[in-house]
>>> print(open('final32.cif').read())   # mmCIF, C-alpha atoms and all ligand atoms
data_work
#
loop_
_atom_site.group_PDB
_atom_site.id
_atom_site.type_symbol
_atom_site.label_atom_id
_atom_site.label_comp_id
_atom_site.auth_asym_id
_atom_site.auth_seq_id
_atom_site.Cartn_x
_atom_site.Cartn_y
_atom_site.Cartn_z
ATOM 1 C CA MET A 144 -36.236 -22.964 -15.088
ATOM 2 C CA SER A 145 -32.864 -23.797 -13.536
ATOM 3 C CA VAL A 146 -31.418 -21.833 -10.611
ATOM 4 C CA HIS A 147 -28.746 -20.564 -13.014
ATOM 5 C CA SER A 148 -31.088 -19.026 -15.556
ATOM 6 C CA SER A 149 -33.237 -17.300 -12.902
ATOM 7 C CA VAL A 150 -30.330 -15.075 -11.850
ATOM 8 C CA LYS A 151 -30.466 -11.573 -13.321
ATOM 9 C CA LYS A 152 -26.983 -11.092 -14.682
ATOM 10 C CA VAL A 153 -25.106 -7.812 -14.480
ATOM 11 C CA THR A 154 -24.365 -6.510 -17.975
ATOM 12 C CA THR A 155 -22.717 -3.334 -19.220
ATOM 13 C CA HIS A 156 -26.254 -2.077 -19.862
ATOM 14 C CA VAL A 157 -27.185 -2.699 -16.214
ATOM 15 C CA LEU A 158 -24.155 -0.646 -15.109
ATOM 16 C CA ASN A 159 -25.285 2.251 -17.285
ATOM 17 C CA GLU A 160 -28.756 2.058 -15.791
ATOM 18 C CA MET A 161 -27.230 2.071 -12.318
ATOM 19 C CA LYS A 162 -25.439 5.319 -13.129
ATOM 20 C CA LEU A 163 -28.673 6.845 -14.417
ATOM 21 C CA LYS A 164 -30.512 5.816 -11.240
ATOM 22 C CA GLY A 165 -27.669 6.973 -9.000
ATOM 23 C CA GLU A 166 -27.054 3.437 -7.671
ATOM 24 C CA LYS A 167 -23.422 2.823 -6.758
ATOM 25 C CA ILE A 168 -21.502 -0.008 -8.419
ATOM 26 C CA ALA A 169 -19.491 -2.377 -6.191
ATOM 27 C CA MET A 170 -16.497 -4.037 -7.848
ATOM 28 C CA LEU A 171 -13.771 -6.285 -6.397
ATOM 29 C CA THR A 172 -10.950 -8.314 -7.836
ATOM 30 C CA ALA A 173 -10.817 -12.114 -7.784
ATOM 31 C CA TYR A 174 -8.342 -14.505 -9.332
ATOM 32 C CA ASP A 175 -9.619 -17.997 -8.567
ATOM 33 C CA PHE A 176 -12.779 -20.106 -8.504
ATOM 34 C CA SER A 177 -13.338 -20.294 -4.717
ATOM 35 C CA MET A 178 -12.989 -16.565 -4.064
ATOM 36 C CA ALA A 179 -15.030 -15.644 -7.132
ATOM 37 C CA ARG A 180 -17.853 -17.893 -5.924
ATOM 38 C CA ILE A 181 -17.957 -16.205 -2.503
ATOM 39 C CA VAL A 182 -17.746 -12.683 -3.911
ATOM 40 C CA ASP A 183 -20.390 -13.338 -6.562
ATOM 41 C CA ALA A 184 -22.813 -15.019 -4.145
ATOM 42 C CA ALA A 185 -22.405 -12.050 -1.778
ATOM 43 C CA GLY A 186 -23.830 -9.825 -4.515
ATOM 44 C CA ILE A 187 -20.895 -7.963 -6.054
ATOM 45 C CA ASP A 188 -21.749 -6.237 -9.348
ATOM 46 C CA VAL A 189 -18.422 -6.527 -11.173
ATOM 47 C CA ILE A 190 -15.502 -8.912 -10.674
ATOM 48 C CA LEU A 191 -12.188 -7.744 -12.060
ATOM 49 C CA VAL A 192 -9.632 -10.405 -12.870
ATOM 50 C CA GLY A 193 -6.991 -7.765 -12.268
ATOM 51 C CA ASP A 194 -3.400 -7.937 -13.358
ATOM 52 C CA SER A 195 -2.801 -7.240 -9.653
ATOM 53 C CA ALA A 196 -2.697 -11.063 -9.733
ATOM 54 C CA SER A 197 0.911 -10.398 -10.688
ATOM 55 C CA ASN A 198 1.470 -8.991 -7.166
ATOM 56 C CA VAL A 199 -0.908 -10.878 -4.905
ATOM 57 C CA MET A 200 -0.967 -14.277 -6.625
ATOM 58 C CA ALA A 201 2.420 -14.550 -8.332
ATOM 59 C CA GLY A 202 4.498 -12.458 -5.899
ATOM 60 C CA HIS A 203 5.961 -10.085 -8.495
ATOM 61 C CA GLU A 204 6.781 -6.528 -7.430
ATOM 62 C CA THR A 205 4.815 -4.953 -10.289
ATOM 63 C CA THR A 206 2.059 -5.867 -12.733
ATOM 64 C CA VAL A 207 4.521 -5.796 -15.635
ATOM 65 C CA PRO A 208 5.605 -9.470 -15.721
ATOM 66 C CA ILE A 209 2.216 -11.225 -15.768
ATOM 67 C CA THR A 210 1.484 -12.899 -19.102
ATOM 68 C CA LEU A 211 -1.609 -13.330 -21.238
ATOM 69 C CA ASP A 212 -1.564 -17.070 -20.508
ATOM 70 C CA ASN A 213 -1.446 -16.325 -16.756
ATOM 71 C CA MET A 214 -4.411 -13.955 -17.034
ATOM 72 C CA ILE A 215 -6.382 -16.468 -19.078
ATOM 73 C CA TYR A 216 -5.757 -19.152 -16.443
ATOM 74 C CA HIS A 217 -7.032 -16.865 -13.650
ATOM 75 C CA ALA A 218 -10.034 -15.718 -15.685
ATOM 76 C CA GLN A 219 -11.049 -19.289 -16.574
ATOM 77 C CA SER A 220 -11.115 -20.164 -12.875
ATOM 78 C CA VAL A 221 -13.070 -17.036 -11.916
ATOM 79 C CA VAL A 222 -15.721 -17.441 -14.606
ATOM 80 C CA LYS A 223 -16.510 -20.960 -13.359
ATOM 81 C CA GLY A 224 -17.438 -19.524 -9.950
ATOM 82 C CA VAL A 225 -19.669 -16.679 -11.182
ATOM 83 C CA LYS A 226 -23.421 -16.712 -11.800
ATOM 84 C CA ARG A 227 -24.377 -13.038 -11.638
ATOM 85 C CA ALA A 228 -21.494 -10.564 -11.754
ATOM 86 C CA LEU A 229 -19.983 -9.004 -14.861
ATOM 87 C CA VAL A 230 -16.470 -10.442 -15.256
ATOM 88 C CA VAL A 231 -13.838 -8.049 -16.623
ATOM 89 C CA VAL A 232 -10.300 -9.208 -17.409
ATOM 90 C CA ASP A 233 -7.231 -6.968 -17.407
ATOM 91 C CA MET A 234 -5.216 -7.121 -20.601
ATOM 92 C CA PRO A 235 -1.653 -7.526 -19.370
ATOM 93 C CA PHE A 236 1.271 -5.258 -20.218
ATOM 94 C CA GLY A 237 2.599 -5.842 -23.724
ATOM 95 C CA THR A 238 -0.566 -7.294 -25.222
ATOM 96 C CA TYR A 239 -2.203 -4.105 -26.530
ATOM 97 C CA GLN A 240 0.187 -1.131 -26.474
ATOM 98 C CA GLY A 241 1.336 0.133 -29.867
ATOM 99 C CA ASN A 242 -0.227 -2.634 -31.936
ATOM 100 C CA SER A 243 -3.985 -2.711 -32.352
ATOM 101 C CA ARG A 244 -3.976 -6.000 -34.304
ATOM 102 C CA LYS A 245 -2.120 -7.714 -31.503
ATOM 103 C CA ALA A 246 -4.537 -6.057 -29.068
ATOM 104 C CA LEU A 247 -7.530 -7.517 -30.861
ATOM 105 C CA ALA A 248 -5.922 -10.958 -31.056
ATOM 106 C CA SER A 249 -5.181 -10.838 -27.295
ATOM 107 C CA ALA A 250 -8.716 -9.683 -26.460
ATOM 108 C CA ILE A 251 -10.227 -12.406 -28.631
ATOM 109 C CA ARG A 252 -8.139 -15.040 -26.828
ATOM 110 C CA ILE A 253 -9.404 -13.720 -23.478
ATOM 111 C CA MET A 254 -13.037 -13.782 -24.581
ATOM 112 C CA LYS A 255 -12.904 -17.168 -26.359
ATOM 113 C CA GLU A 256 -10.790 -19.053 -23.845
ATOM 114 C CA THR A 257 -12.282 -17.734 -20.595
ATOM 115 C CA GLY A 258 -15.955 -16.896 -21.109
ATOM 116 C CA ALA A 259 -15.413 -13.486 -19.463
ATOM 117 C CA HIS A 260 -17.603 -10.550 -20.487
ATOM 118 C CA ALA A 261 -15.203 -7.646 -21.063
ATOM 119 C CA VAL A 262 -11.576 -6.537 -21.042
ATOM 120 C CA LYS A 263 -9.845 -3.601 -19.353
ATOM 121 C CA LEU A 264 -6.956 -1.574 -20.825
ATOM 122 C CA GLU A 265 -4.833 1.085 -19.136
ATOM 123 C CA GLY A 266 -4.315 4.457 -20.802
ATOM 124 C CA GLY A 267 -5.967 7.125 -22.913
ATOM 125 C CA ARG A 268 -5.037 8.581 -26.296
ATOM 126 C CA GLN A 269 -1.964 6.328 -26.665
ATOM 127 C CA ILE A 270 -4.069 3.170 -26.759
ATOM 128 C CA CYS A 271 -7.088 4.490 -28.644
ATOM 129 C CA ASP A 272 -6.387 2.472 -31.808
ATOM 130 C CA SER A 273 -6.383 -0.718 -29.764
ATOM 131 C CA VAL A 274 -9.573 0.253 -27.938
ATOM 132 C CA GLU A 275 -11.306 1.001 -31.257
ATOM 133 C CA ARG A 276 -10.240 -2.241 -32.893
ATOM 134 C CA ILE A 277 -11.267 -4.363 -29.898
ATOM 135 C CA LEU A 278 -14.636 -2.613 -29.748
ATOM 136 C CA SER A 279 -15.122 -3.172 -33.489
ATOM 137 C CA ALA A 280 -15.148 -6.911 -32.780
ATOM 138 C CA GLY A 281 -18.005 -6.451 -30.307
ATOM 139 C CA ILE A 282 -15.866 -6.883 -27.203
ATOM 140 C CA PRO A 283 -16.817 -4.517 -24.363
ATOM 141 C CA VAL A 284 -13.910 -2.424 -23.082
ATOM 142 C CA MET A 285 -13.395 -0.813 -19.681
ATOM 143 C CA GLY A 286 -10.875 2.051 -19.544
ATOM 144 C CA HIS A 287 -8.403 2.839 -16.756
ATOM 145 C CA LEU A 288 -6.935 6.326 -16.182
ATOM 146 C CA GLY A 289 -4.951 8.110 -13.483
ATOM 147 C CA LEU A 290 -2.432 5.842 -11.817
ATOM 148 C CA THR A 291 -1.949 3.090 -14.364
ATOM 149 C CA PRO A 292 0.331 0.544 -12.664
ATOM 150 C CA GLN A 293 1.597 -0.972 -15.923
ATOM 151 C CA ALA A 294 3.386 2.368 -16.480
ATOM 152 C CA ILE A 295 5.122 2.267 -13.082
ATOM 153 C CA HIS A 296 8.568 2.408 -14.655
ATOM 154 C CA LYS A 297 7.588 5.645 -16.414
ATOM 155 C CA PHE A 298 5.988 7.170 -13.272
ATOM 156 C CA GLY A 299 8.728 5.868 -10.950
ATOM 157 C CA THR A 300 6.322 5.990 -7.992
ATOM 158 C CA TYR A 301 2.763 5.053 -6.965
ATOM 159 C CA VAL A 302 1.881 8.567 -5.707
ATOM 160 C CA VAL A 303 -1.407 10.332 -6.526
ATOM 161 C CA ARG A 304 -1.638 11.307 -10.219
ATOM 162 C CA ALA A 305 -3.039 14.406 -11.940
ATOM 163 C CA ARG A 306 -2.527 16.839 -9.055
ATOM 164 C CA GLU A 307 -1.105 19.332 -11.543
ATOM 165 C CA GLU A 308 -3.473 21.057 -13.967
ATOM 166 C CA GLU A 309 -1.640 19.843 -17.092
ATOM 167 C CA GLU A 310 -2.045 16.168 -16.199
ATOM 168 C CA ALA A 311 -5.596 16.744 -14.929
ATOM 169 C CA ALA A 312 -6.577 18.386 -18.236
ATOM 170 C CA GLN A 313 -5.096 15.461 -20.131
ATOM 171 C CA LEU A 314 -7.031 13.019 -17.986
ATOM 172 C CA ARG A 315 -10.305 14.880 -18.609
ATOM 173 C CA GLU A 316 -9.635 14.746 -22.364
ATOM 174 C CA ASP A 317 -8.687 11.063 -22.263
ATOM 175 C CA ALA A 318 -11.901 10.233 -20.383
ATOM 176 C CA MET A 319 -14.014 12.029 -23.008
ATOM 177 C CA LEU A 320 -12.062 10.372 -25.802
ATOM 178 C CA LEU A 321 -12.526 6.884 -24.348
ATOM 179 C CA GLU A 322 -16.235 7.527 -23.890
ATOM 180 C CA SER A 323 -16.547 8.758 -27.489
ATOM 181 C CA LYS A 324 -14.841 5.572 -28.712
ATOM 182 C CA GLY A 325 -17.400 3.468 -26.857
ATOM 183 C CA VAL A 326 -15.866 2.113 -23.628
ATOM 184 C CA PHE A 327 -18.608 1.141 -21.175
ATOM 185 C CA ALA A 328 -16.925 2.369 -17.964
ATOM 186 C CA ILE A 329 -13.644 3.863 -16.761
ATOM 187 C CA VAL A 330 -11.596 3.036 -13.661
ATOM 188 C CA LEU A 331 -10.086 6.167 -12.095
ATOM 189 C CA GLU A 332 -7.138 5.250 -9.902
ATOM 190 C CA LYS A 333 -5.504 7.427 -7.261
ATOM 191 C CA ILE A 334 -6.442 10.907 -8.443
ATOM 192 C CA PRO A 335 -7.822 13.865 -6.444
ATOM 193 C CA ALA A 336 -11.471 13.385 -5.430
ATOM 194 C CA GLN A 337 -12.408 16.749 -6.918
ATOM 195 C CA LEU A 338 -11.081 15.803 -10.354
ATOM 196 C CA ALA A 339 -12.725 12.357 -10.209
ATOM 197 C CA GLY A 340 -16.038 14.045 -9.381
ATOM 198 C CA GLU A 341 -15.743 16.451 -12.309
ATOM 199 C CA VAL A 342 -14.877 13.646 -14.735
ATOM 200 C CA THR A 343 -17.757 11.525 -13.442
ATOM 201 C CA GLU A 344 -20.247 14.348 -13.943
ATOM 202 C CA SER A 345 -18.969 15.022 -17.456
ATOM 203 C CA LEU A 346 -19.459 11.418 -18.632
ATOM 204 C CA ARG A 347 -22.540 9.364 -19.488
ATOM 205 C CA ILE A 348 -20.712 6.109 -18.741
ATOM 206 C CA PRO A 349 -19.941 5.058 -15.154
ATOM 207 C CA THR A 350 -16.637 5.709 -13.423
ATOM 208 C CA ILE A 351 -15.256 3.257 -10.873
ATOM 209 C CA GLY A 352 -12.843 4.743 -8.373
ATOM 210 C CA ILE A 353 -9.927 3.361 -6.396
ATOM 211 C CA GLY A 354 -8.397 6.102 -4.298
ATOM 212 C CA ALA A 355 -10.540 8.609 -6.213
ATOM 213 C CA GLY A 356 -12.990 9.675 -3.487
ATOM 214 C CA GLY A 357 -16.753 9.318 -3.267
ATOM 215 C CA ARG A 358 -18.024 11.362 -6.221
ATOM 216 C CA VAL A 359 -17.616 8.467 -8.649
ATOM 217 C CA ASP A 360 -20.210 5.908 -9.770
ATOM 218 C CA GLY A 361 -18.650 2.935 -8.037
ATOM 219 C CA GLN A 362 -15.676 1.630 -6.101
ATOM 220 C CA VAL A 363 -13.136 -1.132 -6.642
ATOM 221 C CA LEU A 364 -10.594 -2.668 -4.277
ATOM 222 C CA VAL A 365 -8.133 -5.527 -4.545
ATOM 223 C CA ILE A 366 -9.697 -8.365 -2.545
ATOM 224 C CA HIS A 367 -6.436 -9.318 -0.803
ATOM 225 C CA ASP A 368 -6.101 -5.738 0.450
ATOM 226 C CA MET A 369 -9.672 -5.279 1.706
ATOM 227 C CA LEU A 370 -9.614 -8.664 3.456
ATOM 228 C CA GLY A 371 -6.283 -7.876 5.130
ATOM 229 C CA ILE A 372 -4.367 -10.743 3.534
ATOM 230 C CA THR A 373 -1.732 -8.284 2.345
ATOM 231 C CA GLN A 374 -0.282 -6.460 5.340
ATOM 232 C CA GLU A 375 2.488 -4.256 4.051
ATOM 233 C CA PHE A 376 0.245 -2.302 1.633
ATOM 234 C CA SER A 377 -1.563 0.471 3.523
ATOM 235 C CA PRO A 378 -2.490 3.400 1.307
ATOM 236 C CA ARG A 379 -4.855 6.004 2.712
ATOM 237 C CA PHE A 380 -7.712 4.937 0.409
ATOM 238 C CA LEU A 381 -7.738 1.342 1.605
ATOM 239 C CA ARG A 382 -10.422 0.284 4.071
ATOM 240 C CA ARG A 383 -9.694 -3.140 5.564
ATOM 241 C CA TYR A 384 -12.811 -5.169 6.269
ATOM 242 C CA HIS A 385 -10.966 -8.020 7.941
ATOM 243 C CA ASN A 386 -7.551 -9.094 9.132
ATOM 244 C CA LEU A 387 -7.367 -12.413 7.324
ATOM 245 C CA TYR A 388 -3.582 -12.553 7.553
ATOM 246 C CA GLN A 389 -3.856 -12.910 11.323
ATOM 247 C CA GLU A 390 -6.892 -15.212 11.148
ATOM 248 C CA ILE A 391 -5.147 -17.592 8.750
ATOM 249 C CA SER A 392 -1.866 -17.423 10.595
ATOM 250 C CA GLY A 393 -3.659 -18.227 13.890
ATOM 251 C CA ALA A 394 -5.471 -21.194 12.339
ATOM 252 C CA VAL A 395 -2.226 -22.542 10.877
ATOM 253 C CA ARG A 396 -0.439 -22.191 14.229
ATOM 254 C CA ASN A 397 -3.286 -24.053 15.974
ATOM 255 C CA TYR A 398 -3.091 -26.832 13.379
ATOM 256 C CA ILE A 399 0.670 -27.191 13.851
ATOM 257 C CA THR A 400 0.201 -27.401 17.621
ATOM 258 C CA ASP A 401 -2.553 -30.029 17.251
ATOM 259 C CA VAL A 402 -0.505 -32.180 14.868
ATOM 260 C CA ARG A 403 2.581 -32.049 17.064
ATOM 261 C CA SER A 404 0.633 -32.806 20.253
ATOM 262 C CA LEU A 405 -1.237 -35.718 18.577
ATOM 263 C CA ASP A 406 -4.531 -33.911 19.264
ATOM 264 C CA PHE A 407 -5.307 -34.077 15.525
ATOM 265 C CA PRO A 408 -6.776 -36.325 14.290
ATOM 266 C CA ASN A 409 -8.938 -37.522 17.185
ATOM 267 C CA GLU A 410 -11.189 -40.621 17.314
ATOM 268 C CA ARG A 411 -14.044 -38.921 15.411
ATOM 269 C CA GLU A 412 -11.715 -37.689 12.675
ATOM 270 C CA GLN A 413 -10.582 -41.114 11.482
ATOM 271 C CA TYR A 414 -12.040 -44.252 9.896
HETATM 272 O O1 LIG B 1 -5.320 -4.964 -11.396
HETATM 273 C C1 LIG B 1 -6.124 -4.447 -10.612
HETATM 274 O O2 LIG B 1 -6.445 -4.980 -9.537
HETATM 275 C C2 LIG B 1 -6.708 -3.165 -10.987
HETATM 276 C C3 LIG B 1 -7.524 -2.450 -9.961
HETATM 277 C C4 LIG B 1 -6.626 -1.886 -8.931
HETATM 278 C C5 LIG B 1 -8.394 -1.433 -10.551
HETATM 279 O O3 LIG B 1 -6.526 -2.712 -12.065
#
>>> encode(input="final32.cif", output="structure tokens")
Amino acid sequence: MSVHSSVKKVTTHVLNEMKLKGEKIAMLTAYDFSMARIVDAAGIDVILVGDSASNVMAGHETTVPITLDNMIYHAQSVVKGVKRALVVVDMPFGTYQGNSRKALASAIRIMKETGAHAVKLEGGRQICDSVERILSAGIPVMGHLGLTPQAIHKFGTYVVRAREEEEAAQLREDAMLLESKGVFAIVLEKIPAQLAGEVTESLRIPTIGIGAGGRVDGQVLVIHDMLGITQEFSPRFLRRYHNLYQEISGAVRNYITDVRSLDFPNEREQY
């Protein structure tokens, strides 16, 4: 048996079992082979090839501009680095809203061209036709409710969503609807912890929170944020596990100094 085949892979079924057993699900984003390999080997359960690549990889202000081809490129690289984790790919803005046939065609491209295991779509009742059609092709779907960054131009701001009862009630209904359609998990982004807890308890499928408190079934962060590569983004929910911006900047400054002073390369570093 090869090393590869001896690894117990995380599947959507495994995530459901984790919820039943009360084991928390750890999810992070990754966008390239090298980072995916590190994150997977460290034992992460789910890797999200997030459309946050639009911000942290491509330098766009929002997630709106990233294309399906861009997402497929990132997902292809990530999948090559992963042996164990479930790989979920964000369907980018414009590839699933308002046209379920286009949604299915986009999801099929993602699955066929990348080898990823599932797709994620933002929204509730408005995108239900697309969710249903994608699921009918046997493609696992993860939902995403609360702050849905692809709708930033409608929201106008990245503040906490569903503080008011009307929006909270809608979110509860959307979560039930998505579950009834067959999504295998739902990301809850930037909503009150109390609401996230209630939704989590009302569902059989797992919820994964980002800025949604601790009463959810798992957590997700953008890897550039939790490693401290991004500096300007400091929401209350973000815990930084490192300050890689400073580490990298320090290493680069040392390199520049060594090159300029002729310290690098030394005798042992040449042929
Ligand atoms: O694109 C992304 O990184 C996401 C997470 C923030 C959930 O959707």
>>> closest_atom_pairs(input="final32.cif", of="chain A", to="ligand LIG 1 (chain B)", cutoff="8 Å", atoms="only C-alpha atoms and all ligand atoms", output="JSON lines")
{"residue": "A:Thr172", "atom": "CA", "partner": "B:LIG1", "partner_atom": "O2", "distance": 5.9}
{"residue": "A:Leu191", "atom": "CA", "partner": "B:LIG1", "partner_atom": "O2", "distance": 6.9}
{"residue": "A:Val192", "atom": "CA", "partner": "B:LIG1", "partner_atom": "O1", "distance": 7.1}
{"residue": "A:Gly193", "atom": "CA", "partner": "B:LIG1", "partner_atom": "O1", "distance": 3.4}
{"residue": "A:Asp194", "atom": "CA", "partner": "B:LIG1", "partner_atom": "O1", "distance": 4.0}
{"residue": "A:Ser195", "atom": "CA", "partner": "B:LIG1", "partner_atom": "O1", "distance": 3.8}
{"residue": "A:Ala196", "atom": "CA", "partner": "B:LIG1", "partner_atom": "O1", "distance": 6.8}
{"residue": "A:Thr206", "atom": "CA", "partner": "B:LIG1", "partner_atom": "O1", "distance": 7.6}
{"residue": "A:Asp233", "atom": "CA", "partner": "B:LIG1", "partner_atom": "O1", "distance": 6.6}
{"residue": "A:His287", "atom": "CA", "partner": "B:LIG1", "partner_atom": "O3", "distance": 7.5}
{"residue": "A:Thr291", "atom": "CA", "partner": "B:LIG1", "partner_atom": "O3", "distance": 7.7}
{"residue": "A:Pro292", "atom": "CA", "partner": "B:LIG1", "partner_atom": "O3", "distance": 7.6}
{"residue": "A:Val330", "atom": "CA", "partner": "B:LIG1", "partner_atom": "C5", "distance": 6.3}
{"residue": "A:Leu331", "atom": "CA", "partner": "B:LIG1", "partner_atom": "C5", "distance": 7.9}
{"residue": "A:Glu332", "atom": "CA", "partner": "B:LIG1", "partner_atom": "C5", "distance": 6.8}
{"residue": "A:Gly352", "atom": "CA", "partner": "B:LIG1", "partner_atom": "C5", "distance": 7.9}
{"residue": "A:Ile353", "atom": "CA", "partner": "B:LIG1", "partner_atom": "C5", "distance": 6.5}
{"residue": "A:Val363", "atom": "CA", "partner": "B:LIG1", "partner_atom": "C5", "distance": 6.2}
{"residue": "A:Leu364", "atom": "CA", "partner": "B:LIG1", "partner_atom": "C4", "distance": 6.2}
{"residue": "A:Val365", "atom": "CA", "partner": "B:LIG1", "partner_atom": "O2", "distance": 5.3}
>>> residues_near_point(input="final32.cif", point="(-17.7, -12.3, -18.8)", cutoff="12 Å", atoms="all atoms listed in the file", output="PyMOL selection string")
chain A and resi 152-155+188-192+218-233+253-263+282-284
>>> atom_distance(input="final32.cif", atom1="atom CA of Pro235 of chain A", atom2="atom CA of Leu211 of chain A")
6.1 Å
>>> atom_distance(input="final32.cif", atom1="atom CA of Ala173 of chain A", atom2="atom CA of Thr373 of chain A")
14.1 Å
>>> closest_residue(input="final32.cif", among="A:Asn159, A:Ser249, A:Ser279, A:Gln269", to="Asp317 of chain A", atoms="all atoms listed in the file")
A:Gln269
>>> resolve_selection(input="final32.cif", expression="the PyMOL selection byres (((chain A and resi 275) around 10) and not hetatm)", output="short mmCIF file (atom, residue, chain, number, x, y, z; two decimals) with C-alpha atoms, in the coordinates of the input")
data_model
loop_
_atom_site.label_atom_id
_atom_site.label_comp_id
_atom_site.auth_asym_id
_atom_site.auth_seq_id
_atom_site.Cartn_x
_atom_site.Cartn_y
_atom_site.Cartn_z
CA SER A 243 -3.98 -2.71 -32.35
CA LEU A 247 -7.53 -7.52 -30.86
CA ILE A 270 -4.07 3.17 -26.76
CA CYS A 271 -7.09 4.49 -28.64
CA ASP A 272 -6.39 2.47 -31.81
CA SER A 273 -6.38 -0.72 -29.76
CA VAL A 274 -9.57 0.25 -27.94
CA ARG A 276 -10.24 -2.24 -32.89
CA ILE A 277 -11.27 -4.36 -29.90
CA LEU A 278 -14.64 -2.61 -29.75
CA SER A 279 -15.12 -3.17 -33.49
CA ALA A 280 -15.15 -6.91 -32.78
CA ILE A 282 -15.87 -6.88 -27.20
CA VAL A 284 -13.91 -2.42 -23.08
CA LEU A 321 -12.53 6.88 -24.35
CA LYS A 324 -14.84 5.57 -28.71
CA GLY A 325 -17.40 3.47 -26.86
CA VAL A 326 -15.87 2.11 -23.63
#
>>> resolve_selection(input="final32.cif", expression="the PyMOL selection byres (((chain A and resi 387) around 6) and not hetatm)", output="ChimeraX atom specification")
/A:370-372,385-386,388-391
